[in-house]
file run08.cif (mmCIF, C-alpha atoms and all ligand atoms)
data_start
#
loop_
_atom_site.label_atom_id
_atom_site.label_comp_id
_atom_site.auth_asym_id
_atom_site.auth_seq_id
_atom_site.Cartn_x
_atom_site.Cartn_y
_atom_site.Cartn_z
CA MET A 264 -24.60 -11.29 -71.70
CA VAL A 265 -24.45 -7.53 -72.18
CA ALA A 266 -23.95 -7.08 -68.45
CA VAL A 267 -21.15 -9.65 -68.34
CA LEU A 268 -19.35 -7.99 -71.26
CA ALA A 269 -19.75 -4.58 -69.63
CA VAL A 270 -18.21 -5.84 -66.37
CA ALA A 271 -15.42 -7.54 -68.29
CA ALA A 272 -14.71 -4.29 -70.14
CA LEU A 273 -14.64 -2.33 -66.88
CA LEU A 274 -12.17 -4.83 -65.38
CA GLY A 275 -10.05 -4.67 -68.51
CA VAL A 276 -10.56 -8.39 -69.09
CA SER A 277 -10.35 -9.58 -72.68
CA ALA A 278 -13.52 -11.25 -73.90
CA CYS A 279 -11.50 -13.05 -76.56
CA GLY A 280 -9.81 -15.52 -74.23
CA SER A 281 -6.13 -16.03 -73.55
CA GLY A 282 -3.14 -15.52 -75.76
CA ASP A 283 -3.13 -11.73 -76.11
CA ASP A 284 -1.57 -9.00 -73.99
CA ASP A 285 -4.74 -8.55 -71.96
CA THR A 286 -4.59 -12.06 -70.46
CA PRO A 287 -5.60 -11.61 -66.85
CA PRO A 288 -3.03 -12.55 -64.23
CA PRO A 289 -3.61 -15.94 -62.59
CA SER A 290 -6.15 -15.84 -59.84
CA THR A 291 -5.59 -19.31 -58.41
CA VAL A 292 -3.18 -20.00 -55.58
CA GLU A 293 -2.02 -23.59 -55.39
CA VAL A 294 -1.43 -24.44 -51.74
CA PHE A 295 0.53 -27.65 -51.15
CA THR A 296 0.05 -29.44 -47.80
CA TRP A 297 -0.50 -32.95 -46.46
CA TRP A 298 -3.74 -32.05 -44.74
CA VAL A 299 -6.51 -34.12 -46.31
CA GLU A 300 -8.85 -35.46 -43.63
CA GLY A 301 -10.20 -35.08 -40.08
CA GLY A 302 -8.79 -32.27 -37.96
CA GLU A 303 -6.11 -31.45 -40.54
CA LYS A 304 -8.68 -30.85 -43.28
CA ALA A 305 -10.87 -28.90 -40.85
CA GLY A 306 -7.93 -26.61 -40.12
CA LEU A 307 -7.12 -26.11 -43.79
CA ASP A 308 -10.78 -25.44 -44.63
CA ALA A 309 -10.97 -22.76 -41.93
CA LEU A 310 -7.86 -21.06 -43.31
CA VAL A 311 -9.22 -21.23 -46.84
CA ARG A 312 -12.48 -19.58 -45.74
CA GLN A 313 -10.48 -16.74 -44.22
CA PHE A 314 -8.30 -16.44 -47.33
CA THR A 315 -11.38 -16.25 -49.54
CA ALA A 316 -12.74 -13.41 -47.38
CA ASP A 317 -9.39 -11.57 -47.19
CA CYS A 318 -8.37 -11.95 -50.83
CA PRO A 319 -11.23 -11.13 -53.20
CA GLY A 320 -10.64 -12.36 -56.74
CA GLN A 321 -8.26 -15.09 -55.58
CA ARG A 322 -9.18 -18.75 -55.52
CA PHE A 323 -7.64 -21.55 -53.45
CA GLU A 324 -6.43 -24.61 -55.32
CA ASN A 325 -5.81 -27.65 -53.18
CA GLY A 326 -2.48 -29.34 -53.94
CA ALA A 327 -2.55 -31.62 -50.88
CA VAL A 328 -0.90 -35.04 -50.94
CA ALA A 329 -2.03 -37.48 -48.21
CA GLY A 330 0.38 -39.08 -45.73
CA GLY A 331 1.10 -38.17 -42.10
CA ALA A 332 4.05 -35.86 -41.39
CA GLY A 333 4.32 -35.22 -45.13
CA VAL A 334 6.07 -38.52 -45.94
CA ASN A 335 4.53 -38.67 -49.42
CA ALA A 336 4.04 -34.94 -49.94
CA LYS A 337 7.72 -34.13 -49.52
CA ARG A 338 8.72 -36.76 -52.07
CA GLU A 339 6.20 -35.37 -54.56
CA LEU A 340 7.36 -31.82 -53.88
CA THR A 341 10.97 -32.76 -54.65
CA GLN A 342 9.86 -34.18 -57.99
CA ARG A 343 7.84 -31.09 -58.83
CA MET A 344 10.75 -28.83 -57.92
CA ALA A 345 13.02 -30.88 -60.17
CA ARG A 346 10.71 -30.35 -63.14
CA HIS A 347 10.29 -26.63 -62.36
CA ASP A 348 6.61 -27.02 -61.55
CA PRO A 349 6.40 -25.77 -57.95
CA PRO A 350 3.09 -25.06 -56.22
CA ASP A 351 2.70 -21.35 -55.40
CA THR A 352 3.18 -22.04 -51.71
CA PHE A 353 3.89 -25.14 -49.66
CA GLN A 354 3.86 -26.28 -46.04
CA ALA A 355 7.31 -26.64 -44.50
CA HIS A 356 8.43 -27.06 -40.89
CA ALA A 357 10.32 -24.19 -39.33
CA GLY A 358 13.92 -25.01 -38.48
CA ALA A 359 16.32 -27.44 -40.12
CA GLU A 360 13.83 -28.69 -42.71
CA LEU A 361 13.37 -25.22 -44.16
CA ILE A 362 17.10 -24.79 -44.67
CA ASP A 363 17.07 -27.51 -47.34
CA TYR A 364 14.74 -25.42 -49.48
CA ILE A 365 16.62 -22.19 -48.81
CA ASP A 366 19.98 -23.70 -49.75
CA ALA A 367 18.47 -25.16 -52.91
CA GLY A 368 17.18 -21.69 -53.91
CA GLN A 369 13.60 -22.97 -54.00
CA ILE A 370 11.91 -20.35 -51.83
CA GLU A 371 11.84 -16.56 -51.74
CA ASP A 372 12.98 -14.08 -49.12
CA LEU A 373 9.91 -12.80 -47.22
CA THR A 374 11.71 -10.35 -44.94
CA ALA A 375 10.00 -7.31 -46.47
CA TYR A 376 6.55 -8.79 -45.76
CA TYR A 377 7.49 -9.30 -42.12
CA ASP A 378 8.17 -5.60 -41.91
CA SER A 379 5.07 -4.42 -43.75
CA TRP A 380 2.74 -6.84 -41.93
CA GLY A 381 4.30 -6.12 -38.53
CA LEU A 382 5.06 -9.79 -37.88
CA ARG A 383 8.33 -9.37 -36.00
CA GLY A 384 6.67 -7.87 -32.96
CA VAL A 385 3.99 -10.55 -32.63
CA LEU A 386 5.98 -13.76 -33.15
CA PRO A 387 8.33 -15.28 -30.56
CA ALA A 388 11.89 -14.13 -31.27
CA ASP A 389 13.23 -17.71 -31.10
CA LEU A 390 10.76 -18.86 -33.72
CA VAL A 391 11.70 -15.99 -36.05
CA ALA A 392 15.35 -17.01 -35.55
CA ASP A 393 14.44 -20.54 -36.68
CA LEU A 394 12.87 -19.14 -39.83
CA THR A 395 15.84 -16.93 -40.59
CA VAL A 396 18.90 -17.89 -42.57
CA ARG A 397 21.76 -15.49 -43.25
CA GLY A 398 19.65 -12.59 -42.04
CA LYS A 399 16.61 -13.30 -44.24
CA ILE A 400 13.23 -14.77 -43.27
CA TYR A 401 11.82 -17.39 -45.62
CA SER A 402 8.40 -18.46 -44.39
CA VAL A 403 5.34 -17.45 -42.40
CA PRO A 404 4.47 -19.73 -39.44
CA ALA A 405 0.84 -20.75 -39.01
CA ASN A 406 1.06 -22.49 -35.66
CA ILE A 407 2.98 -24.25 -32.94
CA HIS A 408 2.35 -27.97 -32.52
CA ARG A 409 3.48 -30.06 -29.59
CA ALA A 410 4.78 -33.57 -30.30
CA ASN A 411 5.42 -35.14 -26.87
CA VAL A 412 1.84 -35.82 -25.78
CA VAL A 413 0.16 -39.13 -24.88
CA TRP A 414 -3.55 -39.37 -25.78
CA THR A 415 -5.75 -41.75 -23.85
CA ASN A 416 -9.04 -43.57 -23.98
CA PRO A 417 -10.19 -42.93 -20.38
CA ALA A 418 -12.83 -45.68 -20.41
CA VAL A 419 -10.27 -48.32 -21.40
CA LEU A 420 -7.90 -47.13 -18.68
CA ALA A 421 -10.65 -47.03 -16.06
CA ARG A 422 -11.56 -50.67 -16.77
CA ALA A 423 -7.97 -51.59 -15.80
CA GLY A 424 -8.14 -49.38 -12.70
CA ILE A 425 -5.87 -46.66 -14.13
CA THR A 426 -7.12 -43.23 -13.12
CA VAL A 427 -4.01 -41.03 -12.96
CA PRO A 428 -1.22 -40.32 -15.47
CA PRO A 429 2.03 -42.22 -14.84
CA LYS A 430 4.72 -40.06 -13.25
CA ASP A 431 7.66 -41.58 -15.11
CA LEU A 432 8.61 -44.19 -17.69
CA THR A 433 8.70 -47.06 -15.18
CA ALA A 434 5.16 -46.22 -14.04
CA PHE A 435 4.05 -45.93 -17.69
CA ILE A 436 5.39 -49.40 -18.49
CA ALA A 437 3.65 -50.73 -15.35
CA ASP A 438 0.33 -49.23 -16.55
CA LEU A 439 0.80 -50.77 -19.99
CA ALA A 440 1.31 -54.12 -18.27
CA LYS A 441 -1.91 -53.57 -16.26
CA LEU A 442 -3.84 -52.96 -19.46
CA LYS A 443 -2.41 -56.06 -21.03
CA ALA A 444 -3.34 -58.10 -17.94
CA ALA A 445 -6.86 -56.66 -18.22
CA GLY A 446 -7.16 -58.12 -21.71
CA VAL A 447 -6.14 -55.18 -23.91
CA GLU A 448 -3.96 -56.96 -26.43
CA ALA A 449 -2.10 -53.88 -27.73
CA PRO A 450 -2.32 -51.17 -25.04
CA LEU A 451 -0.12 -48.69 -26.96
CA ALA A 452 -1.32 -47.75 -30.45
CA LEU A 453 1.64 -47.60 -32.82
CA GLY A 454 2.12 -46.64 -36.44
CA ARG A 455 4.82 -46.58 -39.10
CA ASP A 456 8.44 -45.32 -39.08
CA TRP A 457 8.03 -41.61 -38.29
CA THR A 458 5.52 -42.29 -35.53
CA GLN A 459 8.05 -44.72 -33.99
CA LEU A 460 10.65 -41.98 -34.30
CA MET A 461 8.32 -39.72 -32.29
CA LEU A 462 8.15 -42.39 -29.57
CA LEU A 463 11.92 -42.83 -29.54
CA GLU A 464 12.41 -39.05 -29.35
CA ALA A 465 10.03 -38.82 -26.39
CA VAL A 466 11.93 -41.60 -24.59
CA LEU A 467 15.25 -39.87 -25.37
CA ILE A 468 13.91 -36.66 -23.82
CA SER A 469 13.07 -38.60 -20.64
CA ASP A 470 16.39 -40.42 -20.45
CA LEU A 471 18.72 -37.58 -21.55
CA GLY A 472 16.77 -34.54 -20.35
CA PRO A 473 15.90 -31.61 -22.63
CA THR A 474 19.47 -30.31 -22.96
CA GLY A 475 20.97 -33.74 -23.58
CA PHE A 476 18.27 -34.47 -26.14
CA SER A 477 18.68 -31.20 -28.05
CA GLY A 478 22.44 -31.82 -28.09
CA LEU A 479 21.91 -34.97 -30.17
CA PHE A 480 21.20 -32.66 -33.10
CA THR A 481 23.98 -30.15 -32.55
CA GLY A 482 26.84 -32.56 -31.85
CA ASP A 483 26.92 -31.81 -28.11
CA THR A 484 25.48 -35.22 -27.13
CA ASP A 485 26.98 -38.52 -28.26
CA TRP A 486 24.59 -40.86 -30.06
CA ARG A 487 26.93 -43.71 -29.07
CA GLY A 488 26.59 -42.97 -25.32
CA ALA A 489 25.14 -45.13 -22.53
CA LEU A 490 22.03 -42.97 -22.10
CA VAL A 491 21.02 -43.50 -25.72
CA ALA A 492 21.49 -47.26 -25.18
CA LYS A 493 19.24 -47.01 -22.10
CA ALA A 494 16.61 -45.12 -24.10
CA ILE A 495 16.65 -47.82 -26.79
CA THR A 496 15.96 -50.42 -24.08
CA HIS A 497 13.00 -48.38 -22.83
CA PHE A 498 11.80 -47.87 -26.41
CA THR A 499 11.93 -51.63 -27.01
CA ALA A 500 9.90 -52.26 -23.88
CA LEU A 501 7.26 -49.81 -25.10
CA LEU A 502 7.12 -51.40 -28.55
CA SER A 503 6.34 -54.74 -26.93
CA TYR A 504 3.02 -53.30 -25.73
CA GLY A 505 2.00 -52.13 -29.20
CA ASN A 506 0.08 -53.55 -32.14
CA LEU A 507 2.13 -55.87 -34.34
CA ASP A 508 0.95 -54.34 -37.61
CA ARG A 509 2.52 -50.98 -36.66
CA ASP A 510 4.66 -50.65 -39.79
CA ALA A 511 1.57 -50.76 -42.00
CA LEU A 512 -0.40 -48.01 -40.21
CA ASP A 513 -0.33 -44.25 -40.63
CA TRP A 514 -1.17 -42.22 -37.54
CA PRO A 515 -4.96 -41.92 -38.15
CA GLN A 516 -5.26 -45.71 -38.39
CA ALA A 517 -3.27 -46.14 -35.18
CA GLU A 518 -5.49 -43.47 -33.61
CA ARG A 519 -8.52 -45.52 -34.66
CA LEU A 520 -7.32 -48.29 -32.30
CA LEU A 521 -7.54 -45.77 -29.47
CA ILE A 522 -10.99 -44.51 -30.48
CA ASP A 523 -12.32 -48.06 -30.81
CA GLY A 524 -11.06 -49.02 -27.36
CA LYS A 525 -8.50 -51.49 -28.71
CA ALA A 526 -5.67 -49.42 -27.20
CA GLY A 527 -5.42 -47.25 -24.09
CA TYR A 528 -2.67 -44.85 -25.22
CA GLN A 529 -1.15 -43.23 -28.28
CA LEU A 530 1.89 -40.96 -28.35
CA MET A 531 1.17 -38.38 -31.03
CA GLY A 532 1.44 -34.70 -31.78
CA ASP A 533 -1.44 -32.47 -30.87
CA TRP A 534 -2.97 -32.58 -34.34
CA ALA A 535 -4.57 -35.62 -32.62
CA ALA A 536 -6.58 -33.28 -30.36
CA ALA A 537 -8.50 -31.85 -33.30
CA ASP A 538 -8.64 -35.15 -35.10
CA LEU A 539 -10.10 -37.07 -32.15
CA ALA A 540 -12.77 -34.40 -31.81
CA ALA A 541 -13.45 -34.37 -35.57
CA LYS A 542 -13.89 -38.16 -35.46
CA GLY A 543 -16.49 -38.03 -32.70
CA PHE A 544 -14.22 -38.78 -29.73
CA PRO A 545 -14.05 -35.52 -27.75
CA GLY A 546 -13.71 -37.36 -24.42
CA TYR A 547 -10.03 -38.20 -24.88
CA GLY A 548 -7.49 -37.66 -22.08
CA TRP A 549 -3.90 -36.49 -22.44
CA PHE A 550 -0.65 -36.03 -20.54
CA THR A 551 2.90 -35.02 -21.35
CA PHE A 552 5.03 -38.07 -22.16
CA PRO A 553 6.14 -39.57 -18.80
CA GLY A 554 9.50 -38.25 -17.66
CA ASN A 555 9.55 -35.32 -20.11
CA GLY A 556 8.96 -32.80 -17.32
CA LYS A 557 8.50 -29.31 -18.72
CA ALA A 558 9.97 -30.16 -22.14
CA PHE A 559 7.69 -28.85 -24.89
CA GLN A 560 8.70 -30.60 -28.09
CA TRP A 561 7.63 -28.12 -30.72
CA SER A 562 7.27 -27.94 -34.45
CA ALA A 563 5.74 -25.19 -36.54
CA ASP A 564 3.97 -25.46 -39.87
CA SER A 565 4.94 -22.53 -42.02
CA PHE A 566 4.17 -21.43 -45.56
CA THR A 567 6.59 -20.33 -48.25
CA LEU A 568 6.59 -18.44 -51.52
CA SER A 569 8.07 -20.80 -54.11
CA THR A 570 10.68 -19.46 -56.47
CA GLY A 571 8.93 -19.37 -59.86
CA ALA A 572 5.42 -19.28 -58.31
CA ALA A 573 2.82 -18.60 -61.01
CA ASN A 574 0.68 -16.31 -58.85
CA VAL A 575 2.88 -14.15 -56.65
CA THR A 576 0.14 -11.61 -55.84
CA GLY A 577 -2.32 -14.27 -54.72
CA THR A 578 0.35 -16.08 -52.73
CA GLU A 579 1.29 -12.87 -50.92
CA CYS A 580 -2.34 -12.58 -49.89
CA TRP A 581 -2.39 -16.23 -48.72
CA LEU A 582 0.72 -15.63 -46.62
CA LYS A 583 -0.76 -12.47 -45.16
CA THR A 584 -3.83 -14.43 -44.05
CA VAL A 585 -1.65 -17.21 -42.61
CA GLY A 586 0.28 -14.68 -40.53
CA SER A 587 -2.74 -12.65 -39.44
CA ALA A 588 -4.31 -12.85 -35.97
CA THR A 589 -7.69 -13.87 -37.41
CA GLY A 590 -6.14 -16.44 -39.75
CA GLN A 591 -4.28 -18.01 -36.83
CA GLN A 592 -7.34 -17.94 -34.60
CA VAL A 593 -9.62 -19.79 -37.03
CA PHE A 594 -6.96 -22.16 -38.34
CA ASN A 595 -5.58 -23.27 -34.98
CA ALA A 596 -8.94 -23.60 -33.27
CA ALA A 597 -9.73 -26.29 -35.85
CA LYS A 598 -6.25 -27.82 -36.22
CA GLY A 599 -5.40 -28.66 -32.59
CA SER A 600 -2.27 -26.51 -32.56
CA ILE A 601 -1.84 -23.10 -30.93
CA PRO A 602 -1.21 -19.79 -32.69
CA ALA A 603 2.42 -18.91 -33.38
CA ARG A 604 1.43 -15.26 -32.77
CA THR A 605 1.46 -14.21 -29.16
CA ASP A 606 -1.45 -11.76 -29.47
CA VAL A 607 -4.30 -14.16 -30.29
CA PRO A 608 -6.83 -14.48 -27.42
CA SER A 609 -7.27 -17.98 -26.00
CA THR A 610 -11.07 -17.86 -26.19
CA GLY A 611 -12.59 -20.38 -28.58
CA PHE A 612 -9.80 -22.91 -28.06
CA SER A 613 -10.34 -26.38 -26.54
CA PRO A 614 -9.30 -27.21 -22.96
CA TYR A 615 -6.32 -29.14 -24.37
CA GLN A 616 -5.24 -26.13 -26.44
CA GLN A 617 -5.59 -23.78 -23.49
CA SER A 618 -3.28 -26.06 -21.50
CA ALA A 619 -0.81 -26.17 -24.40
CA MET A 620 -0.80 -22.35 -24.55
CA ALA A 621 0.12 -22.20 -20.88
CA ASP A 622 2.79 -24.90 -21.28
CA TRP A 623 4.31 -23.13 -24.31
CA LYS A 624 4.80 -20.04 -22.15
CA SER A 625 6.40 -21.87 -19.22
CA GLY A 626 7.95 -24.96 -20.85
CA ILE A 627 11.42 -25.80 -22.10
CA PRO A 628 11.38 -25.85 -25.92
CA VAL A 629 13.01 -28.86 -27.57
CA PRO A 630 12.94 -29.53 -31.31
CA SER A 631 11.70 -32.60 -33.19
CA CYS A 632 13.48 -34.56 -35.90
CA ALA A 633 10.31 -36.42 -36.94
CA HIS A 634 8.71 -33.02 -37.63
CA GLY A 635 11.61 -31.17 -39.15
CA SER A 636 12.58 -28.63 -36.50
CA ALA A 637 15.69 -30.56 -35.35
CA CYS A 638 17.10 -32.24 -38.44
CA PRO A 639 17.17 -31.80 -42.21
CA GLN A 640 15.12 -34.12 -44.39
CA ALA A 641 17.93 -36.48 -45.42
CA TRP A 642 18.80 -37.11 -41.77
CA GLN A 643 15.16 -37.77 -40.95
CA THR A 644 14.91 -40.22 -43.87
CA ALA A 645 17.99 -42.10 -42.61
CA VAL A 646 16.58 -42.33 -39.08
CA ASN A 647 13.20 -43.52 -40.33
CA ALA A 648 14.93 -46.23 -42.38
CA ALA A 649 16.93 -47.33 -39.30
CA LEU A 650 13.70 -47.59 -37.29
CA THR A 651 11.92 -49.58 -39.97
CA SER A 652 14.68 -52.15 -40.06
CA TYR A 653 14.79 -52.21 -36.25
CA SER A 654 11.04 -52.77 -36.15
CA SER A 655 11.42 -56.00 -38.08
CA GLY A 656 14.76 -57.22 -36.68
CA LYS A 657 15.09 -55.61 -33.21
CA ASP A 658 18.83 -55.43 -32.58
CA GLY A 659 19.33 -52.45 -30.27
CA LYS A 660 23.06 -52.21 -30.91
CA ILE A 661 22.54 -51.99 -34.66
CA LEU A 662 19.83 -49.36 -34.16
CA GLN A 663 22.15 -47.26 -32.02
CA SER A 664 24.99 -47.52 -34.50
CA ASP A 665 22.65 -46.68 -37.43
CA LEU A 666 21.40 -43.62 -35.54
CA ALA A 667 24.96 -42.55 -34.74
CA GLN A 668 26.07 -42.98 -38.35
CA ALA A 669 23.12 -40.92 -39.59
CA ALA A 670 24.13 -38.13 -37.21
CA ASP A 671 27.79 -38.33 -38.29
CA LEU A 672 26.77 -37.40 -41.83
CA PHE A 673 25.19 -34.14 -40.70
CA VAL A 674 26.81 -32.97 -37.49
CA ARG A 675 30.32 -31.61 -37.77
CA PRO A 676 32.19 -31.80 -34.45
C1 LIG B 701 2.60 -31.41 -39.18
C2 LIG B 701 1.17 -31.35 -38.75
C3 LIG B 701 0.41 -32.59 -39.18
C4 LIG B 701 1.16 -33.83 -38.75
C5 LIG B 701 0.52 -35.15 -39.13
C6 LIG B 701 3.20 -32.74 -38.83
O1 LIG B 701 4.48 -32.85 -39.39
O2 LIG B 701 3.35 -30.37 -38.60
O3 LIG B 701 0.55 -30.20 -39.25
O4 LIG B 701 -0.88 -32.56 -38.68
O5 LIG B 701 2.43 -33.81 -39.32
O6 LIG B 701 0.29 -35.25 -40.49
#
call {"tool": "encode", "arguments": {"input": "run08.cif", "output": "structure tokens"}}
result
Amino acid sequence: MVAVLAVAALLGVSACGSGDDDTPPPSTVEVFTWWVEGGEKAGLDALVRQFTADCPGQRFENGAVAGGAGVNAKRELTQRMARHDPPDTFQAHAGAELIDYIDAGQIEDLTAYYDSWGLRGVLPADLVADLTVRGKIYSVPANIHRANVVWTNPAVLARAGITVPPKDLTAFIADLAKLKAAGVEAPLALGRDWTQLMLLEAVLISDLGPTGFSGLFTGDTDWRGALVAKAITHFTALLSYGNLDRDALDWPQAERLLIDGKAGYQLMGDWAAADLAAKGFPGYGWFTFPGNGKAFQWSADSFTLSTGAANVTGTECWLKTVGSATGQQVFNAAKGSIPARTDVPSTGFSPYQQSAMADWKSGIPVPSCAHGSACPQAWQTAVNAALTSYSSGKDGKILQSDLAQAADLFVRP
């Protein structure tokens, strides 16, 4: 007891509890993500271990809300913001999604940290541009994920005589038909709205090419055009090879169909790489979505400093760890993504991640609406709603007109 009081006195901590001028500053950093299980949790845990080592006296508080792609977390975050109860820091995708928070005055300018931590020189200039609004930088990226990847169960494919990746969409559909003929009832594992949006985006990249696809989000490509109609036809063909309960499944449950051999393929971002390994299925195969060529559909998880954060000092230390080479090494090795920093050695990363690192260097970057880099949240919500109603009714013309109307609200010609 004497020793404890002596230490408390040395640290200037009041032994009388809170309520007087000597109340210690908060030492808990609430970190808000949607990473709660499998590879996502493994990534977060690795980052937390590094934070604990880098930031003595600070404690991590987990504010995670489950739900792939942040569907539930973002709703909860909006409510917390409205009642002025923000977490200290939260996960937000670089690009259009971040602009919502900046325009609403909900996150702080971090430009000075970029200078003192030397981040400008070690992050890709294009990524920094996506994090910058009106000359200020508002978040620290933790990674680069790739969305347009198909994951496979090689044993299921081999049983149907499929040993090489399909070279284009027609060949992919032919392979799905082979699986079906071999008795695999739902060859393509599908999940709810946003995962269907990922599939549609991948098909749009194939049918419109990377430039045509990116133009859908800038007003340069017409959502009402013939190529979008063609992509919807391809998308519909792909859906017909999927599980019928798709609208009720989040991505890990759809992934389970792949692991259990009930499906041969799943289109999913490369958080699946870490998740498949974490769930005891390291023998997965993968290929870039057929017809996407060198397009690398990217998204980046980044962390913010909330306006009104209770523990600014602790959050600064969290952000410093997130942006550090060691933080990015340990986090990404466990998360399936690759470091946003360009100076992290590739040792310790999985074969998939090593291939993604090479592709990121040589590929053509295209953004993702499902994962916030291409479109703001309200646009994404409108597109997800259009896909959900399409999933139950399947009228391609209505889907195309819903998608075009959603774009009209956001893109000014
Ligand atoms: C995030 C990833 C996450 C995935 C699935 C994406 O939007 O960028 O970090 O693993 O959603 O939840």
call {"tool": "closest_residue", "arguments": {"input": "run08.cif", "among": "A:Val629, A:Ala434, A:Leu462, A:Cys638", "to": "His356 of chain A", "atoms": "all atoms listed in the file"}}
result
A:Cys638
call {"tool": "axis_aligned_box", "arguments": {"input": "run08.cif", "around": "segment 436-442 of chain A", "padding_each_side": "3 Å", "output": "JSON"}}
result
{"center_x": 0.8, "center_y": -51.7, "center_z": -17.7, "size_x": 15.2, "size_y": 10.9, "size_z": 10.6}
call {"tool": "residues_near_ligand", "arguments": {"input": "run08.cif", "ligand": "ligand LIG 701 (chain B)", "cutoff": "6 Å", "atoms": "all atoms listed in the file", "output": "CSV table (one decimal) with C-alpha atoms, in the frame of the given file"}}
result
chain,number,residue,atom,x,y,z
A,303,GLU,CA,-6.1,-31.4,-40.5
A,331,GLY,CA,1.1,-38.2,-42.1
A,332,ALA,CA,4.0,-35.9,-41.4
A,534,TRP,CA,-3.0,-32.6,-34.3
A,564,ASP,CA,4.0,-25.5,-39.9
A,634,HIS,CA,8.7,-33.0,-37.6
call {"tool": "residues_around", "arguments": {"input": "run08.cif", "residues": "Leu502 of chain A", "least_positions_apart": "4", "cutoff": "9 Å", "atoms": "all atoms listed in the file", "output": "list of chain:residue names"}}
result
A:Leu451, A:Leu453, A:Gln459, A:His497, A:Phe498, A:Asn506, A:Leu507, A:Ser654
call {"tool": "atom_distance", "arguments": {"input": "run08.cif", "atom1": "atom CA of Gly571 of chain A", "atom2": "atom CA of Gly326 of chain A"}}
result
16.3 Å
call {"tool": "decode", "arguments": {"input": "run08.cif", "residues": "segment 370-395 of chain A", "atoms": "C-alpha atoms", "output": "mmCIF file, in the first residue's frame"}}
result
data_model
loop_
_atom_site.group_PDB
_atom_site.id
_atom_site.type_symbol
_atom_site.label_atom_id
_atom_site.label_comp_id
_atom_site.auth_asym_id
_atom_site.auth_seq_id
_atom_site.Cartn_x
_atom_site.Cartn_y
_atom_site.Cartn_z
ATOM 1 C CA ILE A 370 -12.695 14.620 -37.874
ATOM 2 C CA GLU A 371 -9.538 16.614 -37.248
ATOM 3 C CA ASP A 372 -6.810 17.822 -39.572
ATOM 4 C CA LEU A 373 -3.774 15.518 -39.207
ATOM 5 C CA THR A 374 -1.464 17.334 -41.621
ATOM 6 C CA ALA A 375 1.009 18.316 -38.901
ATOM 7 C CA TYR A 376 1.412 14.670 -37.844
ATOM 8 C CA TYR A 377 2.224 13.698 -41.420
ATOM 9 C CA ASP A 378 5.077 16.156 -41.312
ATOM 10 C CA SER A 379 6.416 15.198 -37.897
ATOM 11 C CA TRP A 380 6.119 11.443 -38.536
ATOM 12 C CA GLY A 381 7.587 11.703 -42.037
ATOM 13 C CA LEU A 382 4.578 10.007 -43.640
ATOM 14 C CA ARG A 383 4.493 11.955 -46.895
ATOM 15 C CA GLY A 384 7.673 10.381 -48.205
ATOM 16 C CA VAL A 385 6.641 6.792 -47.472
ATOM 17 C CA LEU A 386 3.038 6.710 -48.708
ATOM 18 C CA PRO A 387 2.023 6.633 -52.391
ATOM 19 C CA ALA A 388 1.302 10.185 -53.557
ATOM 20 C CA ASP A 389 -2.063 9.153 -55.067
ATOM 21 C CA LEU A 390 -3.195 7.685 -51.773
ATOM 22 C CA VAL A 391 -2.223 10.843 -49.875
ATOM 23 C CA ALA A 392 -4.223 12.813 -52.469
ATOM 24 C CA ASP A 393 -7.256 10.629 -51.675
ATOM 25 C CA LEU A 394 -6.879 11.424 -47.990
ATOM 26 C CA THR A 395 -6.531 15.143 -48.608
#
